[in-house]
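S.K.: Sharing entry.json here; it has JSON, C-alpha atoms and all ligand atoms.
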```
[["chain", "number", "residue", "atom", "x", "y", "z"],
["A", 209, "MET", "CA", 99.04, 88.86, 116.70],
["A", 210, "ILE", "CA", 99.41, 85.09, 116.16],
["A", 211, "LYS", "CA", 102.24, 83.20, 117.82],
["A", 212, "VAL", "CA", 102.83, 79.48, 117.33],
["A", 213, "LYS", "CA", 105.57, 77.51, 119.09],
["A", 214, "GLY", "CA", 106.49, 73.85, 118.48],
["A", 215, "LEU", "CA", 103.01, 72.82, 117.37],
["A", 216, "LYS", "CA", 102.54, 69.10, 116.72],
["A", 217, "LYS", "CA", 99.47, 67.04, 115.86],
["A", 218, "SER", "CA", 99.12, 63.30, 115.35],
["A", 219, "TYR", "CA", 95.98, 61.51, 114.22],
["A", 220, "GLY", "CA", 96.65, 57.90, 115.24],
["A", 221, "GLY", "CA", 99.78, 57.02, 113.29],
["A", 222, "VAL", "CA", 99.60, 60.10, 111.00],
["A", 223, "GLU", "CA", 101.84, 63.00, 112.03],
["A", 224, "ALA", "CA", 99.94, 65.90, 110.45],
["A", 225, "LEU", "CA", 102.14, 68.59, 112.09],
["A", 226, "LYS", "CA", 105.70, 67.86, 113.10],
["A", 227, "GLY", "CA", 106.69, 70.94, 115.14],
["A", 228, "ILE", "CA", 105.63, 74.25, 113.63],
["A", 229, "SER", "CA", 106.71, 77.69, 114.88],
["A", 230, "PHE", "CA", 105.92, 81.10, 113.38],
["A", 231, "GLU", "CA", 104.56, 84.56, 114.18],
["A", 232, "VAL", "CA", 102.08, 86.72, 112.29],
["A", 233, "HIS", "CA", 102.26, 90.47, 112.85],
["A", 234, "ALA", "CA", 99.27, 92.75, 113.45],
["A", 235, "GLY", "CA", 97.66, 93.84, 110.19],
["A", 236, "GLU", "CA", 99.63, 91.34, 108.13],
["A", 237, "LEU", "CA", 98.21, 89.03, 105.48],
["A", 238, "PHE", "CA", 100.01, 85.74, 106.03],
["A", 239, "ALA", "CA", 99.54, 82.94, 103.50],
["A", 240, "TYR", "CA", 100.08, 79.33, 104.43],
["A", 241, "LEU", "CA", 100.85, 77.54, 101.20],
["A", 242, "GLY", "CA", 101.17, 73.80, 100.70],
["A", 243, "PRO", "CA", 99.87, 70.85, 98.69],
["A", 244, "ASN", "CA", 96.88, 68.75, 99.76],
["A", 245, "GLY", "CA", 97.56, 66.99, 103.04],
["A", 246, "ALA", "CA", 100.41, 69.34, 104.08],
["A", 247, "GLY", "CA", 98.69, 70.23, 107.37],
["A", 248, "LYS", "CA", 97.09, 73.60, 106.56],
["A", 249, "THR", "CA", 93.58, 72.84, 107.83],
["A", 250, "THR", "CA", 94.99, 71.07, 110.88],
["A", 251, "THR", "CA", 96.87, 74.25, 111.82],
["A", 252, "ILE", "CA", 93.71, 76.37, 111.50],
["A", 253, "ARG", "CA", 91.66, 73.83, 113.45],
["A", 254, "ILE", "CA", 94.16, 73.96, 116.32],
["A", 255, "LEU", "CA", 94.43, 77.76, 116.34],
["A", 256, "THR", "CA", 90.65, 78.12, 116.41],
["A", 257, "GLY", "CA", 90.12, 75.55, 119.16],
["A", 258, "LEU", "CA", 88.39, 72.95, 116.98],
["A", 259, "THR", "CA", 91.03, 70.36, 117.82],
["A", 260, "LYS", "CA", 93.76, 70.09, 120.45],
["A", 261, "PRO", "CA", 97.45, 69.99, 119.57],
["A", 262, "SER", "CA", 99.46, 66.90, 120.56],
["A", 263, "ALA", "CA", 102.24, 69.28, 121.69],
["A", 264, "GLY", "CA", 103.21, 72.94, 121.52],
["A", 265, "ASP", "CA", 101.58, 76.29, 122.28],
["A", 266, "ALA", "CA", 99.85, 79.09, 120.42],
["A", 267, "TRP", "CA", 98.57, 82.55, 121.31],
["A", 268, "LEU", "CA", 96.02, 84.78, 119.55],
["A", 269, "ASP", "CA", 96.42, 88.46, 120.36],
["A", 270, "GLY", "CA", 98.32, 87.42, 123.49],
["A", 271, "PHE", "CA", 95.75, 84.85, 124.71],
["A", 272, "HIS", "CA", 96.83, 81.22, 125.00],
["A", 273, "ILE", "CA", 94.50, 79.12, 122.83],
["A", 274, "GLU", "CA", 94.00, 76.41, 125.46],
["A", 275, "LYS", "CA", 94.56, 78.13, 128.82],
["A", 276, "GLU", "CA", 92.59, 81.27, 127.83],
["A", 277, "GLY", "CA", 90.37, 79.64, 125.22],
["A", 278, "LEU", "CA", 87.29, 81.83, 125.69],
["A", 279, "LYS", "CA", 89.23, 85.09, 125.39],
["A", 280, "ALA", "CA", 91.20, 83.74, 122.41],
["A", 281, "LYS", "CA", 87.91, 82.73, 120.70],
["A", 282, "ARG", "CA", 86.56, 86.30, 120.72],
["A", 283, "ARG", "CA", 89.65, 87.53, 118.90],
["A", 284, "PHE", "CA", 89.08, 85.69, 115.62],
["A", 285, "GLY", "CA", 86.59, 85.00, 112.86],
["A", 286, "LEU", "CA", 86.77, 81.77, 110.88],
["A", 287, "VAL", "CA", 85.82, 80.91, 107.32],
["A", 288, "MET", "CA", 86.09, 77.17, 106.76],
["A", 289, "GLN", "CA", 86.61, 75.47, 103.42],
["A", 290, "SER", "CA", 83.10, 74.06, 103.33],
["A", 291, "ILE", "CA", 80.10, 76.40, 103.26],
["A", 292, "ASN", "CA", 78.53, 75.86, 106.69],
["A", 293, "LEU", "CA", 75.72, 78.41, 106.49],
["A", 294, "ASP", "CA", 72.18, 77.58, 107.49],
["A", 295, "GLN", "CA", 70.64, 77.07, 104.04],
["A", 296, "GLU", "CA", 67.03, 77.37, 105.25],
["A", 297, "LEU", "CA", 67.58, 80.74, 106.95],
["A", 298, "SER", "CA", 67.88, 84.10, 105.23],
["A", 299, "VAL", "CA", 71.11, 86.02, 104.71],
["A", 300, "TRP", "CA", 70.13, 88.40, 107.52],
["A", 301, "GLU", "CA", 69.16, 85.59, 109.91],
["A", 302, "ASN", "CA", 72.49, 83.82, 109.41],
["A", 303, "LEU", "CA", 74.39, 86.96, 110.36],
["A", 304, "ASP", "CA", 72.03, 87.84, 113.21],
["A", 305, "LEU", "CA", 72.39, 84.38, 114.76],
["A", 306, "HIS", "CA", 76.16, 84.76, 114.77],
["A", 307, "GLY", "CA", 75.88, 88.17, 116.48],
["A", 308, "ARG", "CA", 73.61, 86.67, 119.16],
["A", 309, "LEU", "CA", 76.08, 83.85, 119.80],
["A", 310, "PHE", "CA", 78.69, 86.51, 120.52],
["A", 311, "GLY", "CA", 76.37, 88.29, 122.91],
["A", 312, "MET", "CA", 75.84, 91.41, 120.79],
["A", 313, "GLY", "CA", 72.81, 93.58, 121.54],
["A", 314, "ARG", "CA", 69.95, 94.08, 119.04],
["A", 315, "SER", "CA", 70.87, 97.55, 117.77],
["A", 316, "GLU", "CA", 74.59, 96.78, 117.68],
["A", 317, "ARG", "CA", 73.79, 93.70, 115.55],
["A", 318, "LYS", "CA", 71.53, 95.66, 113.23],
["A", 319, "ASP", "CA", 74.13, 98.36, 112.55],
["A", 320, "ARG", "CA", 76.98, 95.89, 112.10],
["A", 321, "ILE", "CA", 75.00, 93.58, 109.78],
["A", 322, "ASN", "CA", 73.86, 96.45, 107.55],
["A", 323, "GLU", "CA", 77.43, 97.69, 107.39],
["A", 324, "LEU", "CA", 78.76, 94.23, 106.50],
["A", 325, "LEU", "CA", 76.09, 93.50, 103.90],
["A", 326, "ALA", "CA", 77.02, 96.72, 102.12],
["A", 327, "TYR", "CA", 80.67, 95.79, 102.50],
["A", 328, "VAL", "CA", 80.31, 92.37, 100.81],
["A", 329, "ASP", "CA", 77.78, 93.70, 98.30],
["A", 330, "LEU", "CA", 74.81, 91.61, 99.49],
["A", 331, "ILE", "CA", 72.55, 94.34, 100.81],
["A", 332, "GLY", "CA", 69.97, 93.63, 98.09],
["A", 333, "ARG", "CA", 69.86, 89.96, 99.11],
["A", 334, "LYS", "CA", 69.38, 90.34, 102.86],
["A", 335, "GLY", "CA", 65.95, 88.67, 102.80],
["A", 336, "SER", "CA", 66.97, 85.83, 100.44],
["A", 337, "LEU", "CA", 67.29, 82.30, 101.74],
["A", 338, "VAL", "CA", 70.88, 81.09, 101.63],
["A", 339, "LYS", "CA", 69.92, 78.16, 99.39],
["A", 340, "GLU", "CA", 68.90, 80.70, 96.71],
["A", 341, "LEU", "CA", 72.38, 82.30, 96.52],
["A", 342, "SER", "CA", 75.16, 81.55, 94.03],
["A", 343, "GLY", "CA", 78.43, 79.95, 95.19],
["A", 344, "GLY", "CA", 80.29, 83.28, 95.11],
["A", 345, "MET", "CA", 77.53, 85.00, 97.14],
["A", 346, "LYS", "CA", 77.60, 82.22, 99.74],
["A", 347, "ARG", "CA", 81.35, 82.61, 100.05],
["A", 348, "ARG", "CA", 80.99, 86.39, 100.56],
["A", 349, "LEU", "CA", 78.30, 85.72, 103.17],
["A", 350, "THR", "CA", 80.53, 83.30, 105.11],
["A", 351, "ILE", "CA", 83.22, 86.00, 105.16],
["A", 352, "ALA", "CA", 80.69, 88.61, 106.37],
["A", 353, "ARG", "CA", 79.48, 86.22, 109.08],
["A", 354, "ALA", "CA", 83.04, 85.71, 110.34],
["A", 355, "LEU", "CA", 83.35, 89.50, 110.70],
["A", 356, "VAL", "CA", 80.09, 90.21, 112.61],
["A", 357, "HIS", "CA", 81.79, 90.42, 116.03],
["A", 358, "ALA", "CA", 84.62, 92.62, 114.59],
["A", 359, "PRO", "CA", 87.48, 90.14, 115.21],
["A", 360, "ALA", "CA", 91.14, 91.23, 115.19],
["A", 361, "ILE", "CA", 92.13, 88.10, 113.25],
["A", 362, "LEU", "CA", 90.40, 86.45, 110.29],
["A", 363, "PHE", "CA", 91.21, 82.82, 109.44],
["A", 364, "LEU", "CA", 90.40, 81.90, 105.86],
["A", 365, "ASP", "CA", 90.79, 78.22, 104.94],
["A", 366, "GLU", "CA", 91.03, 77.95, 101.14],
["A", 367, "PRO", "CA", 88.58, 80.84, 100.66],
["A", 368, "THR", "CA", 88.31, 80.55, 96.87],
["A", 369, "VAL", "CA", 88.37, 76.80, 96.38],
["A", 370, "GLY", "CA", 85.89, 75.70, 93.71],
["A", 371, "LEU", "CA", 85.13, 79.26, 92.54],
["A", 372, "ASP", "CA", 85.72, 80.41, 88.97],
["A", 373, "ALA", "CA", 88.48, 82.88, 88.13],
["A", 374, "ALA", "CA", 86.30, 86.02, 88.00],
["A", 375, "ILE", "CA", 84.62, 85.31, 91.35],
["A", 376, "ARG", "CA", 87.97, 84.38, 92.87],
["A", 377, "ARG", "CA", 89.30, 87.84, 91.96],
["A", 378, "ARG", "CA", 86.27, 89.46, 93.55],
["A", 379, "ILE", "CA", 86.95, 87.57, 96.77],
["A", 380, "TRP", "CA", 90.61, 88.65, 96.59],
["A", 381, "ALA", "CA", 89.50, 92.29, 96.38],
["A", 382, "LEU", "CA", 87.26, 91.75, 99.43],
["A", 383, "ILE", "CA", 90.10, 90.13, 101.39],
["A", 384, "LYS", "CA", 92.39, 93.09, 100.58],
["A", 385, "LYS", "CA", 89.65, 95.48, 101.70],
["A", 386, "ILE", "CA", 89.29, 93.64, 105.03],
["A", 387, "GLN", "CA", 93.06, 93.79, 105.57],
["A", 388, "GLY", "CA", 92.92, 97.51, 104.71],
["A", 389, "GLN", "CA", 90.64, 97.99, 107.74],
["A", 390, "GLY", "CA", 93.40, 96.64, 110.03],
["A", 391, "THR", "CA", 92.37, 92.97, 110.36],
["A", 392, "THR", "CA", 95.18, 90.43, 110.55],
["A", 393, "ILE", "CA", 94.55, 87.68, 108.01],
["A", 394, "PHE", "CA", 95.75, 84.08, 108.09],
["A", 395, "LEU", "CA", 94.96, 82.42, 104.79],
["A", 396, "THR", "CA", 95.58, 78.86, 103.66],
["A", 397, "THR", "CA", 95.71, 78.15, 99.98],
["A", 398, "HIS", "CA", 97.12, 75.86, 97.37],
["A", 399, "TYR", "CA", 96.57, 78.48, 94.66],
["A", 400, "ILE", "CA", 99.95, 79.99, 93.80],
["A", 401, "GLU", "CA", 98.51, 83.20, 92.29],
["A", 402, "GLU", "CA", 96.37, 83.75, 95.37],
["A", 403, "ALA", "CA", 99.41, 83.72, 97.67],
["A", 404, "GLU", "CA", 101.44, 85.81, 95.22],
["A", 405, "PHE", "CA", 98.72, 88.42, 94.83],
["A", 406, "LEU", "CA", 97.53, 88.70, 98.42],
["A", 407, "ALA", "CA", 100.28, 87.82, 100.85],
["A", 408, "ASP", "CA", 102.68, 90.08, 102.70],
["A", 409, "ARG", "CA", 104.53, 86.92, 103.71],
["A", 410, "VAL", "CA", 104.16, 83.29, 102.70],
["A", 411, "ALA", "CA", 104.93, 80.16, 104.71],
["A", 412, "PHE", "CA", 105.67, 77.02, 102.68],
["A", 413, "LEU", "CA", 104.28, 73.94, 104.42],
["A", 414, "ASP", "CA", 105.18, 70.44, 103.31],
["A", 415, "GLU", "CA", 104.30, 67.16, 105.04],
["A", 416, "GLY", "CA", 103.69, 68.86, 108.39],
["A", 417, "ARG", "CA", 106.91, 70.91, 108.37],
["A", 418, "LEU", "CA", 107.55, 74.58, 107.65],
["A", 419, "VAL", "CA", 110.07, 74.86, 104.84],
["A", 420, "THR", "CA", 110.50, 78.64, 104.78],
["A", 421, "ILE", "CA", 108.75, 81.95, 105.52],
["A", 422, "ASP", "CA", 109.41, 85.08, 103.50],
["A", 423, "LYS", "CA", 107.88, 87.77, 101.28],
["A", 424, "PRO", "CA", 106.70, 86.30, 97.94],
["A", 425, "GLN", "CA", 109.03, 88.60, 95.97],
["A", 426, "ASN", "CA", 112.07, 87.46, 98.01],
["A", 427, "LEU", "CA", 111.21, 83.79, 97.53],
["A", 428, "MET", "CA", 110.86, 84.26, 93.78],
["A", 429, "ALA", "CA", 114.01, 86.43, 93.48],
["A", 430, "GLN", "CA", 116.06, 83.56, 94.96],
["A", 431, "ILE", "CA", 115.26, 81.56, 91.81],
["A", 432, "GLY", "CA", 115.55, 84.31, 89.19],
["A", 433, "ALA", "CA", 113.15, 86.50, 87.27],
["A", 434, "TRP", "CA", 112.41, 84.53, 84.08],
["A", 435, "ALA", "CA", 111.87, 80.84, 83.40],
["A", 436, "ILE", "CA", 111.98, 78.77, 80.24],
["A", 437, "ASP", "CA", 110.05, 75.48, 80.22],
["A", 438, "GLN", "CA", 111.08, 72.98, 77.57],
["A", 439, "MET", "CA", 110.27, 69.37, 76.78],
["A", 440, "ASP", "CA", 113.13, 67.00, 77.57],
["A", 441, "ASP", "CA", 112.61, 63.25, 77.05],
["A", 442, "GLY", "CA", 108.88, 63.55, 77.77],
["A", 443, "ASN", "CA", 109.43, 65.70, 80.89],
["A", 444, "ILE", "CA", 109.25, 69.45, 81.33],
["A", 445, "LYS", "CA", 112.66, 70.88, 82.19],
["A", 446, "THR", "CA", 112.80, 74.45, 83.52],
["A", 447, "VAL", "CA", 115.79, 76.79, 83.31],
["A", 448, "TYR", "CA", 115.88, 80.07, 85.28],
["A", 449, "PHE", "CA", 117.42, 83.44, 84.38],
["A", 450, "LYS", "CA", 118.07, 86.68, 86.21],
["A", 451, "SER", "CA", 117.05, 88.87, 83.24],
["A", 452, "ARG", "CA", 114.92, 88.74, 80.12],
["A", 453, "GLN", "CA", 118.07, 89.35, 78.00],
["A", 454, "GLU", "CA", 119.70, 86.19, 79.41],
["A", 455, "ALA", "CA", 116.52, 84.22, 78.74],
["A", 456, "ASP", "CA", 116.33, 85.59, 75.15],
["A", 457, "ALA", "CA", 119.97, 84.67, 74.53],
["A", 458, "PHE", "CA", 119.25, 81.11, 75.71],
["A", 459, "VAL", "CA", 116.18, 80.92, 73.45],
["A", 460, "MET", "CA", 118.28, 81.80, 70.37],
["A", 461, "MET", "CA", 120.26, 78.59, 70.86],
["A", 462, "GLN", "CA", 117.26, 76.29, 71.38],
["A", 463, "LYS", "CA", 115.45, 73.92, 69.03],
["A", 464, "GLY", "CA", 112.03, 72.42, 69.71],
["A", 465, "SER", "CA", 109.14, 73.92, 71.67],
["A", 466, "PHE", "CA", 109.52, 75.98, 74.80],
["A", 467, "THR", "CA", 107.70, 78.64, 76.83],
["A", 468, "VAL", "CA", 109.19, 81.81, 78.30],
["A", 469, "ARG", "CA", 107.43, 83.10, 81.43],
["A", 470, "ARG", "CA", 107.95, 84.99, 84.70],
["A", 471, "VAL", "CA", 109.16, 83.02, 87.71],
["A", 472, "ASN", "CA", 106.34, 82.26, 90.17],
["A", 473, "LEU", "CA", 105.98, 80.88, 93.69],
["A", 474, "GLU", "CA", 105.46, 77.37, 92.31],
["A", 475, "ASP", "CA", 109.09, 77.49, 91.05],
["A", 476, "SER", "CA", 110.24, 78.54, 94.49],
["A", 477, "PHE", "CA", 108.23, 75.78, 96.22],
["A", 478, "LEU", "CA", 109.52, 73.21, 93.72],
["A", 479, "SER", "CA", 113.15, 74.23, 94.23],
["A", 480, "LEU", "CA", 112.84, 73.99, 98.03],
["A", 481, "THR", "CA", 110.75, 70.82, 98.33],
["A", 482, "GLY", "CA", 111.19, 68.97, 95.03],
["A", 483, "LYS", "CA", 107.42, 68.96, 94.55],
["A", 484, "LYS", "CA", 104.66, 71.12, 93.17],
["A", 485, "VAL", "CA", 101.96, 72.80, 95.29],
["A", 486, "GLN", "CA", 99.30, 72.23, 92.65],
["A", 487, "CYS", "CA", 99.36, 68.66, 91.38],
["B", 501, "LIG", "P1", 93.89, 70.03, 102.06],
["B", 501, "LIG", "O1", 94.42, 71.15, 101.22],
["B", 501, "LIG", "O2", 93.63, 68.77, 101.26],
["B", 501, "LIG", "O3", 92.76, 70.41, 102.95],
["B", 501, "LIG", "P2", 95.72, 70.29, 104.28],
["B", 501, "LIG", "O4", 97.06, 70.84, 103.98],
["B", 501, "LIG", "O5", 94.73, 71.20, 104.87],
["B", 501, "LIG", "O6", 95.13, 69.56, 103.00],
["B", 501, "LIG", "P3", 95.18, 68.59, 106.55],
["B", 501, "LIG", "O7", 93.73, 68.48, 106.25],
["B", 501, "LIG", "O8", 95.60, 69.42, 107.68],
["B", 501, "LIG", "O9", 95.99, 69.04, 105.26],
["B", 501, "LIG", "O10", 95.73, 67.11, 106.74],
["B", 501, "LIG", "C1", 97.09, 66.81, 107.13],
["B", 501, "LIG", "C2", 97.25, 65.31, 107.29],
["B", 501, "LIG", "O11", 96.48, 64.88, 108.41],
["B", 501, "LIG", "C3", 96.78, 64.49, 106.10],
["B", 501, "LIG", "O12", 97.63, 63.38, 105.95],
["B", 501, "LIG", "C4", 95.38, 64.06, 106.51],
["B", 501, "LIG", "O13", 95.02, 62.86, 105.89],
["B", 501, "LIG", "C5", 95.54, 63.89, 108.02],
["B", 501, "LIG", "N1", 94.29, 64.15, 108.75],
["B", 501, "LIG", "C6", 93.64, 65.35, 108.81],
["B", 501, "LIG", "N2", 92.53, 65.25, 109.59],
["B", 501, "LIG", "C7", 92.49, 63.97, 110.04],
["B", 501, "LIG", "C8", 91.61, 63.24, 110.91],
["B", 501, "LIG", "N3", 90.54, 63.81, 111.47],
["B", 501, "LIG", "N4", 91.89, 61.94, 111.13],
["B", 501, "LIG", "C9", 92.97, 61.34, 110.58],
["B", 501, "LIG", "N5", 93.85, 61.97, 109.77],
["B", 501, "LIG", "C10", 93.63, 63.26, 109.50]]
```
What's the C-alpha cells form of this structure?
Ligand code: ATP
M.R.:
Amino acid sequence: MIKVKGLKKSYGGVEALKGISFEVHAGELFAYLGPNGAGKTTTIRILTGLTKPSAGDAWLDGFHIEKEGLKAKRRFGLVMQSINLDQELSVWENLDLHGRLFGMGRSERKDRINELLAYVDLIGRKGSLVKELSGGMKRRLTIARALVHAPAILFLDEPTVGLDAAIRRRIWALIKKIQGQGTTIFLTTHYIEEAEFLADRVAFLDEGRLVTIDKPQNLMAQIGAWAIDQMDDGNIKTVYFKSRQEADAFVMMQKGSFTVRRVNLEDSFLSLTGKKVQC
C-alpha cells in the first residue's frame, strides 16, 4: 500500500533522510520509531506531498507521489503533530469543510460526518466551537477529519504527543478500531509503549537511516525476555536474560539496588543504535 525506494532529503547542509526504502502492506499498522530529529516527520511530509524528496521514489496505493500527485493525495488522510483545526469553527464545520475540499456532495458529507462523530465519540459536541474542546477531543477530531473522504491510508504523526496517559490509551483504542475497518496506518512515534502496543511491524529510524524493520515481538526476543537494571559507578547497567528463572538466579548473587522488568523496544533500539529513543 505504501512503497518507498531510496528516499533522500537534505535541508541545506542537513541530511534529514539518507536513503530510505520500505514497504507497508495493506491493512497493516506500521510504526516508524526514532528519537527527535531522526527524520520521521520529514518522511511523512514527503509521502503526503508537503515537501519534495531530494532523491528517490514513493508510491501510495500504486500512485507515484510526484508523477501522479493528485491521485496519490486522494488515497490518504493526514494527522499532523500540531492541531491545525479551525478554532473559530464548530466541530461539524471543520469536518464539512474537509469533505467539500474533497468534492463530496452534501448528503454524502452529512452521512459520513455523523458516522465519524459517533465513531470518535464526539456526536454530542458537533455544534461546539473547536476552541471549547479539550486536548484529547481536538485530537480525536483531527483523526475524524482525516477520515472524512474514507482514505485507504492514514498517516499519524506523533498522534498522542502531549496527551496524558488515560487519553493516550483512548486514542490507541481508536487507532486500533480504524485499522480494524481495513485502513492501512503509518504512525510515527517516539513512545516505546505506543509502538509496542499498536504496531504490526516497527521500523527503527536513526539519523536519517533505517536500522531495522520487524515485528515488535521479534525485535524484543533478539535481546531476551527479562532485564535487570542496576547502578554501576553512577550509570545504569542492564543485563538481559532469556527466562525469569535465569534473571532470578542472577538476582540472588547481587548486592545493591536493582530492578527486574520485561524487555521492551527501548532495549532493542539501544542495542542496535547505542542510543535511547526517549531521552
Ligand atoms: P521530531 O520527533 O522532533 O519531530 P523527527 O524524527 O520527526 O523529529 P524531522 O522533523 O524529520 O525529525 O527532522 C529531521 C532533521 O531534519 C532534523 O535534523 C531537523 O532539524 C531537520 N529539519 C527538518 N525540517 C527542516 C527544515 N524545514 N529546515 C531545516 N532543517 C530541517
S.K.: List every residue of chain A that has an atom at most 8 Å from any atom of ligand LIG 501 (chain B), giving for each one its closest atom pair and the distance in Å to one decimal, counting only C-alpha atoms and all ligand atoms, sorted by chain and then by ascending residue number, as a tab-separated table.
M.R.:
```
residue	atom	partner	partner_atom	distance
A:Ser218	CA	B:LIG501	O11	7.6
A:Tyr219	CA	B:LIG501	C9	4.7
A:Gly220	CA	B:LIG501	C9	6.9
A:Val222	CA	B:LIG501	N5	6.2
A:Glu223	CA	B:LIG501	O11	6.7
A:Ala224	CA	B:LIG501	O11	4.1
A:Leu225	CA	B:LIG501	C1	7.3
A:Gly242	CA	B:LIG501	O4	6.0
A:Pro243	CA	B:LIG501	O4	6.0
A:Asn244	CA	B:LIG501	O2	3.6
A:Gly245	CA	B:LIG501	O9	3.4
A:Ala246	CA	B:LIG501	O4	3.7
A:Gly247	CA	B:LIG501	O8	3.2
A:Lys248	CA	B:LIG501	O5	3.8
A:Thr249	CA	B:LIG501	O5	3.6
A:Thr250	CA	B:LIG501	O8	3.7
A:Thr251	CA	B:LIG501	O8	6.5
A:Gln289	CA	B:LIG501	O3	8.0
A:Glu366	CA	B:LIG501	O1	7.6
A:Thr396	CA	B:LIG501	O5	7.8
A:Thr397	CA	B:LIG501	O1	7.2
A:His398	CA	B:LIG501	O1	6.7
A:Leu413	CA	B:LIG501	O4	7.9
A:Glu415	CA	B:LIG501	C1	7.5
A:Gly416	CA	B:LIG501	C1	7.0
```
S.K.: Using only C-alpha atoms, find each residue in segment 378-446 of chain A having at least one atom no more than 10 Å away from segment 210-214 of chain A; report its shortest atom-to-atom pair and that distance in Å (one decimal), rows by chain then rising number, as CSV.
M.R.:
```
residue,atom,partner,partner_atom,distance
A:Thr392,CA,A:Ile210,CA,8.8
A:Ile393,CA,A:Ile210,CA,9.8
A:Phe394,CA,A:Ile210,CA,8.9
```
S.K.: Could you take the residues named above and write them with C-alpha atoms, as a CSV table (one decimal), in the coordinates of the input?
M.R.:
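Saved as part15.csv:
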```
chain,number,residue,atom,x,y,z
A,392,THR,CA,95.2,90.4,110.6
A,393,ILE,CA,94.6,87.7,108.0
A,394,PHE,CA,95.8,84.1,108.1
```
S.K.: Find the residues with any atom within 12 Å of (96.0, 82.1, 96.0); use only C-alpha atoms and the coordinates as given in the file, and write the answer as a PyMOL selection string.
M.R.: chain A and resi 237-242+364-369+371+373+376-377+379-380+383+395-407+410+424+472-474+485-486
S.K.: Can you tell me which residues surround Asn302 of chain A at a distance of at most 9 Å, considering only C-alpha atoms, apart from same-chain residues fewer than 4 positions away, and format the answer as a list of chain:residue names?
M.R.: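 Listed by chain and then number, they are A:Leu293, A:Asp294, A:Gln295, A:Leu297, A:Ser298, A:His306, A:Gly307, A:Val338, A:Leu349, A:Arg353.
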S.K.: Show which residues sit within 10 Å of Lys260 of chain A, as a PyMOL selection string. Count all atoms listed in the file, and ignore same-chain residues fewer than 6 positions away.
M.R.: chain A and resi 216-217+250+253-254+273-274
S.K.: May I have the residues within 12 Å of segment 453-470 of chain A as an MDAnalysis selection string, using all atoms listed in the file and disregarding those fewer than 6 positions away in the same chain?
M.R.: chainID A and resid 425 428:429 431:441 443:447 476
S.K.: Suppose we keep C-alpha atoms; can you now write the selection as a PDB file, keeping the file's coordinate frame?
M.R.:
```
ATOM      1  CA  GLN A 425     109.030  88.600  95.970  1.00  0.00           C
ATOM      2  CA  MET A 428     110.860  84.260  93.780  1.00  0.00           C
ATOM      3  CA  ALA A 429     114.010  86.430  93.480  1.00  0.00           C
ATOM      4  CA  ILE A 431     115.260  81.560  91.810  1.00  0.00           C
ATOM      5  CA  GLY A 432     115.550  84.310  89.190  1.00  0.00           C
ATOM      6  CA  ALA A 433     113.150  86.500  87.270  1.00  0.00           C
ATOM      7  CA  TRP A 434     112.410  84.530  84.080  1.00  0.00           C
ATOM      8  CA  ALA A 435     111.870  80.840  83.400  1.00  0.00           C
ATOM      9  CA  ILE A 436     111.980  78.770  80.240  1.00  0.00           C
ATOM     10  CA  ASP A 437     110.050  75.480  80.220  1.00  0.00           C
ATOM     11  CA  GLN A 438     111.080  72.980  77.570  1.00  0.00           C
ATOM     12  CA  MET A 439     110.270  69.370  76.780  1.00  0.00           C
ATOM     13  CA  ASP A 440     113.130  67.000  77.570  1.00  0.00           C
ATOM     14  CA  ASP A 441     112.610  63.250  77.050  1.00  0.00           C
ATOM     15  CA  ASN A 443     109.430  65.700  80.890  1.00  0.00           C
ATOM     16  CA  ILE A 444     109.250  69.450  81.330  1.00  0.00           C
ATOM     17  CA  LYS A 445     112.660  70.880  82.190  1.00  0.00           C
ATOM     18  CA  THR A 446     112.800  74.450  83.520  1.00  0.00           C
ATOM     19  CA  VAL A 447     115.790  76.790  83.310  1.00  0.00           C
ATOM     20  CA  SER A 476     110.240  78.540  94.490  1.00  0.00           C
TER      21      SER A 476
END
```
S.K.: Would you list the residues near (81.4, 87.3, 111.8), meaning any protein, DNA or RNA residue with an atom at most 8 Å from that point in file coordinates, counting only C-alpha atoms, as a PyMOL selection string?
M.R.: chain A and resi 285-286+303+306-307+350-359
S.K.: Could you tell me which of A:Leu258, A:Val328, A:Ile421, A:Leu268 comes closest to Ala381 of chain A if we count all atoms listed in the file?
M.R.: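 With all atoms listed in the file as the atom set, the closest residue is A:Val328.
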S.K.: Can you work out which one of A:Leu255, A:Ile228, A:Val471, A:Leu337 has the shortest atom-to-atom distance to Glu296 of chain A, counting all atoms listed in the file?
M.R.: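 Of all the options, A:Leu337 lies closest to Glu296 of chain A.
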S.K.: Between A:Glu236, A:Lys318, A:Lys339, A:Glu231, which is the closest to Gln389 of chain A once you count all atoms listed in the file?
M.R.: A:Glu236
S.K.: For Gly270 of chain A, which residue out of A:Tyr327, A:Asp372, A:Thr481, A:Ala360 is the nearest one, using all atoms listed in the file?
M.R.: A:Ala360
S.K.: Kindly indicate which residue among A:Ala374, A:Val299, A:Ala234, A:Leu382 lies nearest to Ser336 of chain A, using all atoms listed in the file for the distances.
M.R.: A:Val299
